Structures are given as structure tokens and as C-alpha cells.
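Structure file work39.pdb; described as PDB, C-alpha atoms.
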ATOM      1  CA  MET A  16     -13.700-131.546  41.372
ATOM      2  CA  SER A  17     -12.119-130.596  38.048
ATOM      3  CA  LEU A  18      -8.428-131.158  37.284
ATOM      4  CA  THR A  19      -6.123-128.837  35.448
ATOM      5  CA  ARG A  20      -4.288-130.260  32.425
ATOM      6  CA  ARG A  21      -1.004-130.186  34.363
ATOM      7  CA  GLU A  22      -2.518-132.113  37.275
ATOM      8  CA  PHE A  23      -4.043-134.672  34.906
ATOM      9  CA  VAL A  24      -0.713-135.314  33.129
ATOM     10  CA  ALA A  25       1.148-135.589  36.412
ATOM     11  CA  GLY A  26      -1.402-138.011  37.805
ATOM     12  CA  SER A  27      -1.404-140.117  34.661
ATOM     13  CA  THR A  28       2.379-140.372  34.695
ATOM     14  CA  LEU A  29       2.350-141.517  38.313
ATOM     15  CA  LEU A  30      -0.347-144.098  37.551
ATOM     16  CA  LEU A  31       1.617-145.505  34.606
ATOM     17  CA  ALA A  32       4.720-145.844  36.732
ATOM     18  CA  SER A  33       2.830-147.691  39.488
ATOM     19  CA  CYS A  34       1.346-150.117  36.941
ATOM     20  CA  GLY A  35       4.627-151.049  35.282
ATOM     21  CA  GLY A  36       4.621-148.432  32.566
ATOM     22  CA  ALA A  37       7.716-146.981  30.957
ATOM     23  CA  PRO A  38      10.402-146.414  33.607
ATOM     24  CA  PRO A  39      12.218-143.090  33.789
ATOM     25  CA  PRO A  40      15.403-142.875  31.707
ATOM     26  CA  ARG A  41      18.346-144.407  33.557
ATOM     27  CA  PRO A  42      21.442-142.283  34.141
ATOM     28  CA  LYS A  43      24.141-142.685  31.508
ATOM     29  CA  ASN A  44      27.076-144.815  32.647
ATOM     30  CA  GLU A  45      30.260-142.810  32.983
ATOM     31  CA  VAL A  46      32.164-145.861  31.757
ATOM     32  CA  PRO A  47      30.266-148.022  29.229
ATOM     33  CA  VAL A  48      28.985-151.385  30.433
ATOM     34  CA  VAL A  49      29.714-154.023  27.779
ATOM     35  CA  ASP A  50      28.526-157.621  27.934
ATOM     36  CA  THR A  51      31.046-159.468  25.770
ATOM     37  CA  HIS A  52      29.395-162.877  25.747
ATOM     38  CA  VAL A  53      25.857-163.212  24.389
ATOM     39  CA  HIS A  54      24.384-166.102  22.404
ATOM     40  CA  CYS A  55      21.242-165.405  20.377
ATOM     41  CA  PHE A  56      19.012-168.026  18.748
ATOM     42  CA  ALA A  57      15.984-167.845  16.519
ATOM     43  CA  ALA A  58      13.074-170.146  17.268
ATOM     44  CA  TYR A  59      13.904-173.844  16.988
ATOM     45  CA  ASP A  60      11.664-174.305  13.943
ATOM     46  CA  ASN A  61      12.355-170.956  12.255
ATOM     47  CA  PRO A  62      12.821-171.846   8.553
ATOM     48  CA  ARG A  63      14.695-168.636   7.819
ATOM     49  CA  TYR A  64      17.465-169.373  10.321
ATOM     50  CA  PRO A  65      17.730-173.164  10.552
ATOM     51  CA  TYR A  66      20.268-174.917  12.730
ATOM     52  CA  HIS A  67      23.099-176.616  10.885
ATOM     53  CA  PRO A  68      22.842-180.389  10.325
ATOM     54  CA  ASP A  69      26.125-180.765  12.248
ATOM     55  CA  ALA A  70      24.976-178.656  15.189
ATOM     56  CA  PRO A  71      26.303-180.135  18.453
ATOM     57  CA  TYR A  72      23.213-178.847  20.300
ATOM     58  CA  LYS A  73      19.921-177.259  19.273
ATOM     59  CA  PRO A  74      18.231-174.879  21.753
ATOM     60  CA  GLU A  75      14.456-174.975  21.530
ATOM     61  CA  ALA A  76      13.670-171.595  23.106
ATOM     62  CA  PRO A  77      14.497-168.431  21.161
ATOM     63  CA  ALA A  78      16.821-165.817  22.610
ATOM     64  CA  ARG A  79      16.331-162.938  20.214
ATOM     65  CA  PRO A  80      18.177-159.621  19.844
ATOM     66  CA  ASP A  81      15.041-157.597  20.613
ATOM     67  CA  GLN A  82      14.752-159.482  23.929
ATOM     68  CA  LEU A  83      18.418-158.763  24.565
ATOM     69  CA  LEU A  84      18.031-155.031  23.960
ATOM     70  CA  ARG A  85      15.147-154.847  26.438
ATOM     71  CA  CYS A  86      17.240-156.631  29.055
ATOM     72  CA  MET A  87      20.170-154.357  28.327
ATOM     73  CA  ASP A  88      18.027-151.262  28.803
ATOM     74  CA  GLY A  89      16.646-152.539  32.095
ATOM     75  CA  ALA A  90      19.990-153.727  33.450
ATOM     76  CA  GLY A  91      22.092-150.734  32.452
ATOM     77  CA  VAL A  92      24.138-152.465  29.745
ATOM     78  CA  ASP A  93      25.222-150.102  26.998
ATOM     79  CA  PHE A  94      26.650-152.522  24.447
ATOM     80  CA  ALA A  95      26.958-156.267  23.865
ATOM     81  CA  VAL A  96      28.880-158.737  21.727
ATOM     82  CA  ILE A  97      26.947-161.529  20.027
ATOM     83  CA  VAL A  98      29.132-164.634  20.070
ATOM     84  CA  HIS A  99      28.013-166.687  17.071
ATOM     85  CA  PRO A 100      26.963-170.053  18.526
ATOM     86  CA  GLU A 101      27.812-173.545  17.293
ATOM     87  CA  PRO A 102      24.258-174.595  16.293
ATOM     88  CA  TYR A 103      24.601-172.372  13.215
ATOM     89  CA  GLN A 104      28.183-173.522  12.487
ATOM     90  CA  ASP A 105      29.636-171.206   9.803
ATOM     91  CA  ASP A 106      26.269-169.864   8.583
ATOM     92  CA  HIS A 107      26.197-166.300   9.924
ATOM     93  CA  ASP A 108      22.793-165.170   8.646
ATOM     94  CA  TYR A 109      21.336-164.897  12.137
ATOM     95  CA  LEU A 110      24.373-163.054  13.456
ATOM     96  CA  GLU A 111      23.958-160.500  10.668
ATOM     97  CA  HIS A 112      20.280-160.166  11.577
ATOM     98  CA  CYS A 113      21.189-159.548  15.215
ATOM     99  CA  LEU A 114      23.663-156.824  14.326
ATOM    100  CA  GLU A 115      21.081-155.120  12.112
ATOM    101  CA  VAL A 116      18.567-155.132  14.985
ATOM    102  CA  GLY A 117      21.218-153.813  17.365
ATOM    103  CA  ARG A 118      21.774-150.614  15.358
ATOM    104  CA  GLY A 119      25.304-150.069  16.631
ATOM    105  CA  ARG A 120      24.794-151.362  20.169
ATOM    106  CA  LEU A 121      25.729-154.921  19.183
ATOM    107  CA  LYS A 122      28.871-156.317  17.612
ATOM    108  CA  GLY A 123      29.764-159.878  16.747
ATOM    109  CA  THR A 124      32.201-162.769  16.962
ATOM    110  CA  CYS A 125      32.259-165.094  13.955
ATOM    111  CA  LEU A 126      32.918-168.825  13.769
ATOM    112  CA  PHE A 127      34.879-170.472  10.971
ATOM    113  CA  PHE A 128      36.755-173.759  10.997
ATOM    114  CA  ALA A 129      40.414-174.249  10.157
ATOM    115  CA  GLY A 130      40.885-176.400   7.090
ATOM    116  CA  ARG A 131      37.253-176.295   6.000
ATOM    117  CA  PRO A 132      36.899-175.354   2.304
ATOM    118  CA  GLY A 133      35.957-171.714   1.856
ATOM    119  CA  ALA A 134      36.579-170.738   5.489
ATOM    120  CA  LEU A 135      39.158-168.031   4.793
ATOM    121  CA  GLU A 136      37.168-166.516   1.940
ATOM    122  CA  GLY A 137      33.967-166.710   3.970
ATOM    123  CA  MET A 138      35.538-164.840   6.874
ATOM    124  CA  ALA A 139      36.840-162.091   4.608
ATOM    125  CA  SER A 140      33.476-161.730   2.875
ATOM    126  CA  LEU A 141      31.564-161.568   6.155
ATOM    127  CA  VAL A 142      33.835-158.893   7.620
ATOM    128  CA  LYS A 143      33.618-156.823   4.430
ATOM    129  CA  ARG A 144      29.826-156.727   4.347
ATOM    130  CA  CYS A 145      29.364-156.711   8.129
ATOM    131  CA  PRO A 146      31.987-154.497   9.821
ATOM    132  CA  GLY A 147      30.334-155.069  13.193
ATOM    133  CA  VAL A 148      32.079-158.458  13.298
ATOM    134  CA  ARG A 149      35.101-157.818  15.491
ATOM    135  CA  ALA A 150      36.429-161.252  16.519
ATOM    136  CA  ALA A 151      36.838-164.854  15.371
ATOM    137  CA  ARG A 152      36.213-167.725  17.772
ATOM    138  CA  ILE A 153      38.140-171.008  17.907
ATOM    139  CA  HIS A 154      36.972-173.996  19.944
ATOM    140  CA  ALA A 155      39.137-176.631  21.591
ATOM    141  CA  TYR A 156      36.576-178.124  23.912
ATOM    142  CA  ALA A 157      35.140-181.450  22.762
ATOM    143  CA  PRO A 158      37.873-184.005  21.931
ATOM    144  CA  GLU A 159      36.088-185.026  18.749
ATOM    145  CA  ARG A 160      36.000-181.418  17.460
ATOM    146  CA  LEU A 161      39.481-180.076  18.111
ATOM    147  CA  PRO A 162      41.213-177.613  15.794
ATOM    148  CA  PRO A 163      44.205-178.945  13.818
ATOM    149  CA  PHE A 164      46.887-178.072  16.369
ATOM    150  CA  GLY A 165      50.369-177.716  14.903
ATOM    151  CA  LYS A 166      49.126-177.816  11.322
ATOM    152  CA  PRO A 167      49.217-175.053   8.687
ATOM    153  CA  GLU A 168      45.415-174.859   8.497
ATOM    154  CA  LEU A 169      45.076-173.456  12.017
ATOM    155  CA  ARG A 170      47.832-170.923  11.433
ATOM    156  CA  GLU A 171      46.187-169.851   8.160
ATOM    157  CA  LEU A 172      42.860-169.234   9.901
ATOM    158  CA  TRP A 173      44.580-167.281  12.686
ATOM    159  CA  LYS A 174      46.576-165.239  10.169
ATOM    160  CA  LYS A 175      43.474-164.446   8.124
ATOM    161  CA  ALA A 176      41.703-163.168  11.236
ATOM    162  CA  ALA A 177      44.749-161.098  12.150
ATOM    163  CA  ASP A 178      45.014-159.652   8.634
ATOM    164  CA  LEU A 179      41.332-158.664   8.822
ATOM    165  CA  GLY A 180      41.937-156.839  12.106
ATOM    166  CA  LEU A 181      39.891-159.289  14.166
ATOM    167  CA  LEU A 182      40.441-160.340  17.743
ATOM    168  CA  ILE A 183      40.966-164.055  18.377
ATOM    169  CA  GLN A 184      38.545-165.551  20.888
ATOM    170  CA  LEU A 185      39.506-168.940  22.381
ATOM    171  CA  HIS A 186      37.050-171.324  24.011
ATOM    172  CA  PHE A 187      38.915-174.321  25.391
ATOM    173  CA  GLU A 188      39.479-176.682  28.272
ATOM    174  CA  PRO A 189      42.807-176.027  30.031
ATOM    175  CA  ARG A 190      44.357-179.267  28.805
ATOM    176  CA  TRP A 191      44.365-177.918  25.248
ATOM    177  CA  ALA A 192      46.090-174.634  26.132
ATOM    178  CA  PRO A 193      49.608-175.661  25.027
ATOM    179  CA  GLY A 194      48.460-176.081  21.421
ATOM    180  CA  PHE A 195      47.589-172.382  21.171
ATOM    181  CA  GLU A 196      50.766-170.934  22.665
ATOM    182  CA  PRO A 197      52.904-170.829  19.486
ATOM    183  CA  LEU A 198      50.255-168.824  17.652
ATOM    184  CA  ILE A 199      49.608-166.435  20.550
ATOM    185  CA  GLU A 200      53.328-165.731  20.582
ATOM    186  CA  GLU A 201      53.798-165.517  16.810
ATOM    187  CA  PHE A 202      50.868-163.127  16.255
ATOM    188  CA  SER A 203      51.763-160.878  19.160
ATOM    189  CA  GLY A 204      49.968-157.907  17.597
ATOM    190  CA  THR A 205      46.593-159.688  17.654
ATOM    191  CA  THR A 206      44.590-159.610  20.875
ATOM    192  CA  VAL A 207      43.549-163.019  22.181
ATOM    193  CA  ILE A 208      40.490-163.286  24.439
ATOM    194  CA  ILE A 209      40.400-166.222  26.848
ATOM    195  CA  ASP A 210      36.738-167.215  27.088
ATOM    196  CA  HIS A 211      35.164-168.271  30.369
ATOM    197  CA  ALA A 212      38.343-167.593  32.371
ATOM    198  CA  GLY A 213      39.932-170.586  30.674
ATOM    199  CA  ARG A 214      37.421-173.007  32.218
ATOM    200  CA  PRO A 215      39.282-173.367  35.550
ATOM    201  CA  LEU A 216      36.878-175.989  36.924
ATOM    202  CA  GLN A 217      37.227-178.227  33.884
ATOM    203  CA  GLY A 218      40.876-178.981  34.346
ATOM    204  CA  THR A 219      43.406-179.644  37.060
ATOM    205  CA  PRO A 220      44.981-176.722  38.941
ATOM    206  CA  GLU A 221      48.227-177.517  37.127
ATOM    207  CA  GLU A 222      46.527-177.363  33.724
ATOM    208  CA  HIS A 223      44.840-174.051  34.521
ATOM    209  CA  ALA A 224      48.072-172.632  35.906
ATOM    210  CA  ARG A 225      49.337-172.706  32.344
ATOM    211  CA  VAL A 226      46.424-170.488  31.297
ATOM    212  CA  ILE A 227      47.187-168.074  34.130
ATOM    213  CA  ALA A 228      50.779-167.974  32.905
ATOM    214  CA  TRP A 229      49.496-166.621  29.585
ATOM    215  CA  SER A 230      49.505-163.256  31.325
ATOM    216  CA  ARG A 231      53.130-163.086  30.157
ATOM    217  CA  PHE A 232      51.763-162.620  26.639
ATOM    218  CA  ARG A 233      50.794-158.950  26.574
ATOM    219  CA  ASN A 234      48.228-159.566  23.831
ATOM    220  CA  THR A 235      46.017-161.782  26.030
ATOM    221  CA  VAL A 236      42.812-160.718  27.786
ATOM    222  CA  VAL A 237      40.784-162.920  30.124
ATOM    223  CA  LYS A 238      36.992-162.966  30.043
ATOM    224  CA  LEU A 239      35.091-163.367  33.304
ATOM    225  CA  SER A 240      32.144-165.466  32.138
ATOM    226  CA  ALA A 241      30.418-168.839  32.644
ATOM    227  CA  ILE A 242      31.678-169.133  36.223
ATOM    228  CA  PRO A 243      29.289-171.584  37.933
ATOM    229  CA  PRO A 244      28.387-171.121  41.595
ATOM    230  CA  LYS A 245      29.345-173.865  44.030
ATOM    231  CA  THR A 246      25.713-174.980  44.167
ATOM    232  CA  THR A 247      25.922-176.277  40.567
ATOM    233  CA  PHE A 248      28.139-178.801  38.806
ATOM    234  CA  PRO A 249      31.039-179.383  39.358
ATOM    235  CA  HIS A 250      30.331-178.069  42.882
ATOM    236  CA  ARG A 251      33.714-176.423  43.291
ATOM    237  CA  ASP A 252      34.679-172.894  44.228
ATOM    238  CA  ALA A 253      36.079-170.980  41.257
ATOM    239  CA  ALA A 254      37.030-167.954  43.346
ATOM    240  CA  PRO A 255      40.666-168.988  44.058
ATOM    241  CA  ALA A 256      41.376-169.495  40.346
ATOM    242  CA  VAL A 257      39.653-166.230  39.392
ATOM    243  CA  HIS A 258      41.622-164.351  42.032
ATOM    244  CA  LEU A 259      44.856-165.702  40.562
ATOM    245  CA  LEU A 260      43.725-164.613  37.091
ATOM    246  CA  ALA A 261      42.811-161.152  38.364
ATOM    247  CA  GLU A 262      46.180-160.777  40.033
ATOM    248  CA  ALA A 263      48.033-161.947  36.922
ATOM    249  CA  PHE A 264      46.116-160.021  34.260
ATOM    250  CA  GLY A 265      44.830-156.983  36.155
ATOM    251  CA  PRO A 266      41.753-154.869  35.332
ATOM    252  CA  ASP A 267      43.144-153.526  32.065
ATOM    253  CA  ARG A 268      43.159-157.074  30.657
ATOM    254  CA  MET A 269      39.890-158.406  32.062
ATOM    255  CA  ILE A 270      36.387-158.202  30.586
ATOM    256  CA  TYR A 271      33.059-159.740  31.562
ATOM    257  CA  GLY A 272      30.198-161.451  29.758
ATOM    258  CA  GLY A 273      27.020-163.424  30.262
ATOM    259  CA  GLY A 274      23.621-163.497  31.882
ATOM    260  CA  PHE A 275      21.370-163.299  28.851
ATOM    261  CA  GLU A 276      19.294-166.354  27.944
ATOM    262  CA  ALA A 277      15.845-167.201  26.615
ATOM    263  CA  ASN A 278      14.057-166.498  29.896
ATOM    264  CA  ALA A 279      16.262-163.625  31.080
ATOM    265  CA  THR A 280      14.719-160.522  32.625
ATOM    266  CA  PRO A 281      16.399-157.189  33.281
ATOM    267  CA  ASP A 282      16.651-158.147  36.955
ATOM    268  CA  SER A 283      18.195-161.557  36.301
ATOM    269  CA  TYR A 284      20.542-160.048  33.729
ATOM    270  CA  LEU A 285      21.725-157.420  36.198
ATOM    271  CA  ALA A 286      22.112-160.016  38.957
ATOM    272  CA  ALA A 287      24.309-162.154  36.704
ATOM    273  CA  ARG A 288      26.668-159.239  36.097
ATOM    274  CA  GLU A 289      26.824-158.355  39.775
ATOM    275  CA  ARG A 290      27.641-161.967  40.676
ATOM    276  CA  LEU A 291      30.489-162.097  38.171
ATOM    277  CA  LEU A 292      31.921-158.776  39.323
ATOM    278  CA  SER A 293      31.832-160.018  42.912
ATOM    279  CA  TYR A 294      34.774-162.246  41.964
ATOM    280  CA  VAL A 295      36.903-159.117  41.534
ATOM    281  CA  SER A 296      35.603-157.219  44.553
ATOM    282  CA  GLN A 297      39.218-156.602  45.560
ATOM    283  CA  PHE A 298      39.504-154.148  42.657
ATOM    284  CA  SER A 299      38.734-150.489  43.172
ATOM    285  CA  THR A 300      35.489-149.043  41.824
ATOM    286  CA  ALA A 301      37.362-147.576  38.867
ATOM    287  CA  ASP A 302      39.035-150.902  38.116
ATOM    288  CA  ARG A 303      35.777-152.839  38.329
ATOM    289  CA  ALA A 304      34.367-150.375  35.791
ATOM    290  CA  LYS A 305      37.188-151.387  33.443
ATOM    291  CA  VAL A 306      36.192-155.040  33.829
ATOM    292  CA  SER A 307      32.491-154.327  33.349
ATOM    293  CA  GLY A 308      33.019-152.462  30.113
ATOM    294  CA  GLY A 309      35.811-149.919  29.930
ATOM    295  CA  THR A 310      38.368-152.373  28.563
ATOM    296  CA  ALA A 311      35.875-154.116  26.258
ATOM    297  CA  ALA A 312      34.657-150.830  24.769
ATOM    298  CA  LYS A 313      38.187-150.191  23.523
ATOM    299  CA  LEU A 314      38.773-153.759  22.308
ATOM    300  CA  PHE A 315      35.521-153.997  20.372
ATOM    301  CA  GLN A 316      35.577-150.347  19.273
ATOM    302  CA  PHE A 317      32.327-149.244  20.862
ATOM    303  CA  PRO A 318      31.949-145.482  21.307
TER     304      PRO A 318
END

For the file at hand, write its structure as C-alpha cells.
Amino acid sequence: MSLTRREFVAGSTLLLASCGGAPPPRPKNEVPVVDTHVHCFAAYDNPRYPYHPDAPYKPEAPARPDQLLRCMDGAGVDFAVIVHPEPYQDDHDYLEHCLEVGRGRLKGTCLFFAGRPGALEGMASLVKRCPGVRAARIHAYAPERLPPFGKPELRELWKKAADLGLLIQLHFEPRWAPGFEPLIEEFSGTTVIIDHAGRPLQGTPEEHARVIAWSRFRNTVVKLSAIPPKTTFPHRDAAPAVHLLAEAFGPDRMIYGGGFEANATPDSYLAARERLLSYVSQFSTADRAKVSGGTAAKLFQFP
């Protein structure tokens, strides 16, 4: 039996789909989905993008931007923010590479250190040549690597970021929250993103209550990310703390991030987002869409 050309093409398309070929185009999201917390790493031994000698950790498996884009396509993520990770310290070569690969779908958060020689000039230079950098991250996590709270150097770094039009992104344990409050209040025109919901399980309820109270600062936004399930350490339920955050900040001041890693697949990436959004299931569909990307698209200036 002979086949017409139309029948052959139709049959071939069906065969490709059944064997894992290119999937049909997914519908466009009415509200953009934006993952605001992605770490990317080159291969451990990549000589072009070496880890810094002072790196606090050194991932062995690569998590590359091309892998990320494939996961984004399969999981319905429109845009993502590459959060420059500590292994590279203040060398942003790999972040710049990631943003080039992303072709407008990726933006970045930089990492510079208060009081380190050249930090302010380095930040300004990076932002000038790489406008996709939209935020500056400050860590107050490990006691041996705290920022200089209460000293001019931290204010100078914060002011430089503000002058450059960057968001401030804070990664901290709740016990260090008081040290940031004067700067959040002074630079009220600069948006401050609270990474990982302020790490509610790595402090006492009283310590995290202070983070929740930051909702009084209208320039603060909380990021729903790195929330461990009860089956993993520290084996506590984060839901009560997240519910308090959601009530205090509301959907217009909440964003989400996470799920991409070296061995991520589109399915695992999608599942990670769905798990995080389950913590705000009390929100309406429209409000959950703000958390999953609507708010972040405005903050990070995605189309």
C-alpha cells in the first residue's frame, strides 16, 4: 500500500512523539513564570571558570545554563535569575557566560564583599558591561563570614548597589536580621529580597518573628525558596512560618525560586515549583500567579 505525502508526514510526526521526539509547543503563560533562585556551575575542573581559592564549597557536577534552559522549556518557566554562587566569590566570568547563553531569558544577581578592595568599582563595572545583572547579594550566614554590621563599609556597598539601581538580596540566618534593619530603613527606595523565606528553620520562632515583622518595611519582598520538607533535616514543618510570612507580606511581595540542580529534569524542576507553591495554596489562582512570576517579572524587569 502506498502512502500519500500528507499521510507519511503525519505518521512520522506521531512516531517521533511516541519515541520522545520534540514535544508540541507549550501554551504561553498568561502571567510569566520566573524562577528567581538558580545557581549555575561549570565543571569542577573547567580551567576557564575555576573556583576561587577561598570558595566555601566546590560542587563537582556542572549545572550549566544550557541545561537550565532545557528544564525551563519543559517545566513552563519563562525566565530565571542566576544567583552568583559563593564558589566563584567576586569573579563573575561564569555569570556573564550564563547571561550570554540565556539571550534575555536569564538575569543575574552579583556578589561583592563590603570592605574588600575594588568591590565598589567592580560592581559598577560589571553592571555597566552586563545590564542583565539586576541585584546584589549579601550573606550573613556563617559566623566566620559575616558582613561588617554597623560599619561604613557595609553601608557603602549597599549605597553603591542602590545608586546602580540594583535590588538588594539578603541571605541570612534569622539571628543576624537586626544588623540589616537600619539599612533597609535608610534606603527605603531600594527593594530588599529576603532569600529562602529568612531561613525559618535555622532560628528560633522569636528570631524569625523579627524577619516576619520586616513586612512593615514596604521595600521588602520575601522569596519562597529552599524550604526543606519534614522528611529532611532539620525535620521540622516550615508551613506555619511560611503561612505567617504569606499573611504578612501578601502575594504582591512574594516570589519563588529553586528546583534546578545538576541532575534536574523538566519533571523534577516542575515538581519543585509545585511543592513550593503548595505552601501558599490559600492564595487565589491569580495571587499564586503573582508569586510564581508576576511580581518577579516586574522586579527584575523581564518583559

Using the chain letters and numbers from the file, give me the residues hit by the PyMOL selection byres ((chain A and resi 284-295) around 9), as a count of residues only. 35

I need the output of the PyMOL selection byres ((chain A and resi 131) around 12) for this file as a ChimeraX atom specification; which residues are they? /A:104-105,126-130,132-138,162-163,168-169,171-172

Could you list the residues chosen by the PyMOL selection byres ((chain A and resi 185) around 8) in this structure as a PyMOL selection string? chain A and resi 152-155+183-184+186-187+207-210

Would you kindly return, as a ChimeraX atom specification, each protein, DNA or RNA residue with an atom no farther than 12 Å from any atom of Ile97 (chain A), considering all atoms listed in the file and excluding same-chain residues fewer than 2 positions away? /A:49-56,78-80,83-84,94-95,99-100,107,109-117,120-126,147-152,272-273,275,315

In Å, rounded to a single decimal, give me how far CA of Asp302 (chain A) is from CA of Gly180 (chain A). 26.8 Å

Using all atoms listed in the file for the distances, tell me which of A:Arg214, A:Lys43, A:Arg85, A:Arg118 is nearest to Ala256 (chain A).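 Using all atoms listed in the file, the shortest distance to Ala256 (chain A) belongs to A:Arg214.
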
10 Å contact set for Ile199 (chain A), only C-alpha atoms, chain neighbours under 6 positions out, as a count of residues only: 10

From the set A:Pro167, A:Gly265, A:Ser140, A:Pro77, which residue has the shortest atom-to-atom contact distance to Tyr64 (chain A), counting all atoms listed in the file?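 Under the stated criterion, the closest residue is A:Pro77.
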
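Distances from A:Gln316, A:Ala224, A:Gly165, A:Pro74 to Leu198 (chain A) were compared using only C-alpha atoms, and the smallest one belongs to A:Gly165.
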
May I ask for the distance between CA of Asp93 (chain A) and CA of Asn44 (chain A), given in Å to one decimal place? 8.0 Å

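One distance worth recording is that between CA of Pro193 (chain A) and CA of Ile270 (chain A), which is 22.6 Å.
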
Pick out the residues sitting within 10 Å of Arg225 (chain A), and hand them over as a compact mmCIF listing (two decimals) with C-alpha atoms, keeping the file's coordinate frame; count only C-alpha atoms, and ignore anything fewer than 6 positions along from it in its own chain.
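What ended up in part-v1.txt:
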# COMPACT_ATOMS: atom_id res chain seq x y z
CA PRO A 189 42.81 -176.03 30.03
CA ARG A 190 44.36 -179.27 28.80
CA ALA A 192 46.09 -174.63 26.13
CA PRO A 193 49.61 -175.66 25.03
CA GLU A 196 50.77 -170.93 22.66
CA GLY A 213 39.93 -170.59 30.67

Output as JSON the centre and edge lengths (Å, one decimal) of the box along x, y and z of the file that holds every listed atom of region 205-210 of chain A after adding 5 Å on each side.
{"center_x": 41.7, "center_y": -163.4, "center_z": 22.4, "size_x": 19.9, "size_y": 17.6, "size_z": 19.4}
